[in-house]
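> Below you will find the structure I want to go over with you.
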Amino acid sequence: QVQLVESGGGLVQPGGSLRLSCAASGITFIRYTMGWHRQAPGKERELVAGISNGGGTNYADSVKGRFTISRDNAKNTVYLQMNSLKPEDTAVYFCNAEHIVFKGSIYWGQGTQVTVST
């Protein structure tokens with residue numbers, strides 16, 4: 001059974017930092033591109049950052065220079081370091097895994113809430 005379990009969300013003041021983690025099980029982690037997406041109330045889910053199995057990264061323009069995605073293939077875990085957080089970063093953050101060959105093989109975590117507020 002495939003599981004993606006996110007952790008690390010919470011309430012933080014503007015300008016603060018959080019580190020999200022996503023632990024994967026039931027998949028051959030190195031064969032998956034990993035990503036972080038977010039969905040704010042009333043908005044569509046959007047890609048925040050992605051990392052290939054080779055370590056290549058991409059980011060949404062809104063988070064470039066503030067967020068960093070990384071992966072530890074030995075621990076089957078992907079991380080999202082979020083710095084200089086803004087109220088508009090408030091959303092539920094989801095981890096996902098997409099097979100590098102079989103593009104229809106996609107898995108999602110249950111999400112973790114990030115709230116940036118005073």
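A note on labels: chains of the structure tokens are A, B, ... as shown, every chain counts residues from 1, and ligands are counted from 1 in their shown order.
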Could you give me, as a PyMOL selection string, the residues within 10 Å of region 92-96 of chain A, counting only C-alpha atoms and dropping anything in the same chain fewer than 5 positions from it?
chain A and resi 4-7+9+20-24+32-41+45-50+78-80+106-115
> Restrict the selected residues to N, CA and C atoms and save them as a tab-separated table (two decimals), in the first residue's frame.

chain	number	residue	atom	x	y	z
A	4	LEU	N	1.86	8.44	1.43
A	4	LEU	CA	2.65	9.67	1.51
A	4	LEU	C	2.13	10.42	2.73
A	5	VAL	N	3.00	10.63	3.70
A	5	VAL	CA	2.56	11.23	4.96
A	5	VAL	C	3.32	12.54	5.18
A	6	GLU	N	2.55	13.64	5.13
A	6	GLU	CA	3.14	14.95	5.33
A	6	GLU	C	3.16	15.31	6.81
A	7	SER	N	4.11	16.14	7.18
A	7	SER	CA	4.18	16.66	8.54
A	7	SER	C	4.92	18.00	8.51
A	9	GLY	N	3.48	21.11	9.20
A	9	GLY	CA	2.66	22.30	9.05
A	9	GLY	C	2.33	22.93	10.39
A	20	LEU	N	8.45	21.45	5.88
A	20	LEU	CA	7.54	20.34	5.68
A	20	LEU	C	8.31	19.08	5.29
A	21	SER	N	7.81	17.96	5.74
A	21	SER	CA	8.39	16.67	5.37
A	21	SER	C	7.29	15.78	4.79
A	22	CYS	N	7.68	14.91	3.88
A	22	CYS	CA	6.76	13.93	3.31
A	22	CYS	C	7.48	12.60	3.23
A	23	ALA	N	7.04	11.66	4.04
A	23	ALA	CA	7.64	10.33	4.07
A	23	ALA	C	6.84	9.38	3.19
A	24	ALA	N	7.51	8.74	2.26
A	24	ALA	CA	6.86	7.84	1.31
A	24	ALA	C	7.13	6.39	1.67
A	32	TYR	N	10.53	7.99	-8.71
A	32	TYR	CA	9.45	8.97	-8.69
A	32	TYR	C	9.97	10.40	-8.63
A	33	THR	N	9.35	11.26	-9.43
A	33	THR	CA	9.47	12.69	-9.26
A	33	THR	C	8.55	13.09	-8.10
A	34	MET	N	9.06	13.92	-7.21
A	34	MET	CA	8.28	14.33	-6.05
A	34	MET	C	7.91	15.80	-6.15
A	35	GLY	N	6.77	16.14	-5.62
A	35	GLY	CA	6.34	17.53	-5.69
A	35	GLY	C	5.56	17.96	-4.47
A	36	TRP	N	5.54	19.26	-4.29
A	36	TRP	CA	4.68	19.89	-3.28
A	36	TRP	C	3.69	20.80	-4.02
A	37	HIS	N	2.44	20.64	-3.68
A	37	HIS	CA	1.38	21.47	-4.21
A	37	HIS	C	0.67	22.12	-3.02
A	38	ARG	N	-0.13	23.15	-3.31
A	38	ARG	CA	-0.91	23.77	-2.24
A	38	ARG	C	-2.27	24.20	-2.78
A	39	GLN	N	-3.21	24.26	-1.85
A	39	GLN	CA	-4.56	24.70	-2.21
A	39	GLN	C	-5.08	25.59	-1.11
A	40	ALA	N	-5.34	26.83	-1.49
A	40	ALA	CA	-5.92	27.80	-0.57
A	40	ALA	C	-7.43	27.76	-0.71
A	41	PRO	N	-8.17	28.21	0.31
A	41	PRO	CA	-9.63	28.20	0.24
A	41	PRO	C	-10.14	28.95	-0.98
A	45	ARG	N	-5.79	23.90	-6.78
A	45	ARG	CA	-4.51	23.40	-6.33
A	45	ARG	C	-3.43	23.83	-7.32
A	46	GLU	N	-2.29	24.24	-6.79
A	46	GLU	CA	-1.21	24.70	-7.66
A	46	GLU	C	0.12	24.05	-7.25
A	47	LEU	N	0.99	23.88	-8.26
A	47	LEU	CA	2.31	23.34	-7.99
A	47	LEU	C	3.15	24.41	-7.30
A	48	VAL	N	3.80	24.03	-6.23
A	48	VAL	CA	4.71	24.91	-5.51
A	48	VAL	C	6.15	24.63	-5.93
A	49	ALA	N	6.53	23.35	-5.88
A	49	ALA	CA	7.90	22.97	-6.21
A	49	ALA	C	7.94	21.50	-6.57
A	50	GLY	N	8.88	21.13	-7.43
A	50	GLY	CA	9.07	19.75	-7.81
A	50	GLY	C	10.54	19.40	-7.83
A	78	VAL	N	10.83	13.62	1.13
A	78	VAL	CA	11.02	14.88	0.43
A	78	VAL	C	10.68	16.00	1.40
A	79	TYR	N	11.40	17.11	1.29
A	79	TYR	CA	11.24	18.22	2.21
A	79	TYR	C	10.90	19.50	1.44
A	80	LEU	N	10.28	20.43	2.15
A	80	LEU	CA	10.05	21.76	1.63
A	80	LEU	C	10.40	22.75	2.73
A	106	ILE	N	0.34	8.20	-10.14
A	106	ILE	CA	0.51	9.38	-9.29
A	106	ILE	C	-0.15	9.12	-7.94
A	107	TYR	N	0.54	9.51	-6.90
A	107	TYR	CA	0.02	9.35	-5.55
A	107	TYR	C	0.06	10.69	-4.82
A	108	TRP	N	-0.90	10.85	-3.88
A	108	TRP	CA	-1.01	12.09	-3.11
A	108	TRP	C	-1.04	11.79	-1.62
A	109	GLY	N	-0.49	12.72	-0.85
A	109	GLY	CA	-0.65	12.67	0.59
A	109	GLY	C	-1.96	13.31	1.00
A	110	GLN	N	-2.20	13.31	2.30
A	110	GLN	CA	-3.47	13.81	2.82
A	110	GLN	C	-3.44	15.32	3.06
A	111	GLY	N	-2.27	15.91	3.03
A	111	GLY	CA	-2.15	17.35	3.19
A	111	GLY	C	-1.82	17.78	4.61
A	112	THR	N	-1.17	18.93	4.70
A	112	THR	CA	-0.88	19.52	6.01
A	112	THR	C	-1.13	21.02	5.92
A	113	GLN	N	-1.78	21.56	6.92
A	113	GLN	CA	-2.19	22.97	6.91
A	113	GLN	C	-1.03	23.86	7.30
A	114	VAL	N	-0.84	24.90	6.49
A	114	VAL	CA	0.12	25.96	6.81
A	114	VAL	C	-0.66	27.27	6.90
A	115	THR	N	-0.56	27.93	8.02
A	115	THR	CA	-1.25	29.20	8.22
A	115	THR	C	-0.23	30.26	8.61
> Got a sec: who's within 8 Å of Ser84 (chain A), counting only C-alpha atoms, leaving out chain neighbours fewer than 5 positions off, as a ChimeraX atom specification?
/A:14-17,66
> Can you list every residue in chain A that DSSP puts in strand (DSSP E or B), as a PyMOL selection string?
chain A and resi 3-7+10-12+18-25+32-39+46-51+57-59+67-72+77-82+91-99+106-108+112-116
> Going by DSSP on the backbone, which residues of chain A come out as helix (DSSP H, G or I)? List them as a JSON list (two decimals) with N, CA and C atoms, in the first residue's frame.

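File produced: out-v7.json:
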[["chain", "number", "residue", "atom", "x", "y", "z"],
["A", 29, "PHE", "N", 11.13, 4.77, -4.30],
["A", 29, "PHE", "CA", 11.20, 6.23, -4.21],
["A", 29, "PHE", "C", 12.04, 6.84, -5.33],
["A", 30, "ILE", "N", 13.16, 6.23, -5.66],
["A", 30, "ILE", "CA", 14.08, 6.80, -6.64],
["A", 30, "ILE", "C", 13.46, 6.83, -8.03],
["A", 31, "ARG", "N", 12.39, 6.09, -8.24],
["A", 31, "ARG", "CA", 11.74, 6.08, -9.56],
["A", 31, "ARG", "C", 10.61, 7.10, -9.66],
["A", 61, "ASP", "N", 6.80, 30.75, -9.53],
["A", 61, "ASP", "CA", 7.41, 32.08, -9.44],
["A", 61, "ASP", "C", 7.17, 32.71, -8.07],
["A", 62, "SER", "N", 6.03, 32.45, -7.49],
["A", 62, "SER", "CA", 5.64, 33.10, -6.24],
["A", 62, "SER", "C", 6.50, 32.66, -5.06],
["A", 63, "VAL", "N", 7.23, 31.55, -5.19],
["A", 63, "VAL", "CA", 8.02, 31.06, -4.06],
["A", 63, "VAL", "C", 9.51, 31.02, -4.34],
["A", 87, "PRO", "N", 1.39, 35.87, 4.31],
["A", 87, "PRO", "CA", 0.00, 35.43, 4.52],
["A", 87, "PRO", "C", -0.56, 34.70, 3.30],
["A", 88, "GLU", "N", -0.15, 35.10, 2.11],
["A", 88, "GLU", "CA", -0.67, 34.46, 0.89],
["A", 88, "GLU", "C", -0.12, 33.05, 0.69],
["A", 89, "ASP", "N", 0.82, 32.62, 1.53],
["A", 89, "ASP", "CA", 1.29, 31.24, 1.48],
["A", 89, "ASP", "C", 0.36, 30.31, 2.28]]
> Between CA of Gln81 (chain A) and CA of Ala60 (chain A), what is the distance in Å, rounded to a tenth?
14.1 Å
> A:Ser25, A:Thr68, A:Asn58, A:Gln1: which is nearest Asn83 (chain A), counting only C-alpha atoms?
A:Thr68
> What gap, in Å, lies between CA of Gly10 (chain A) and CA of Thr118 (chain A)?
12.8 Å
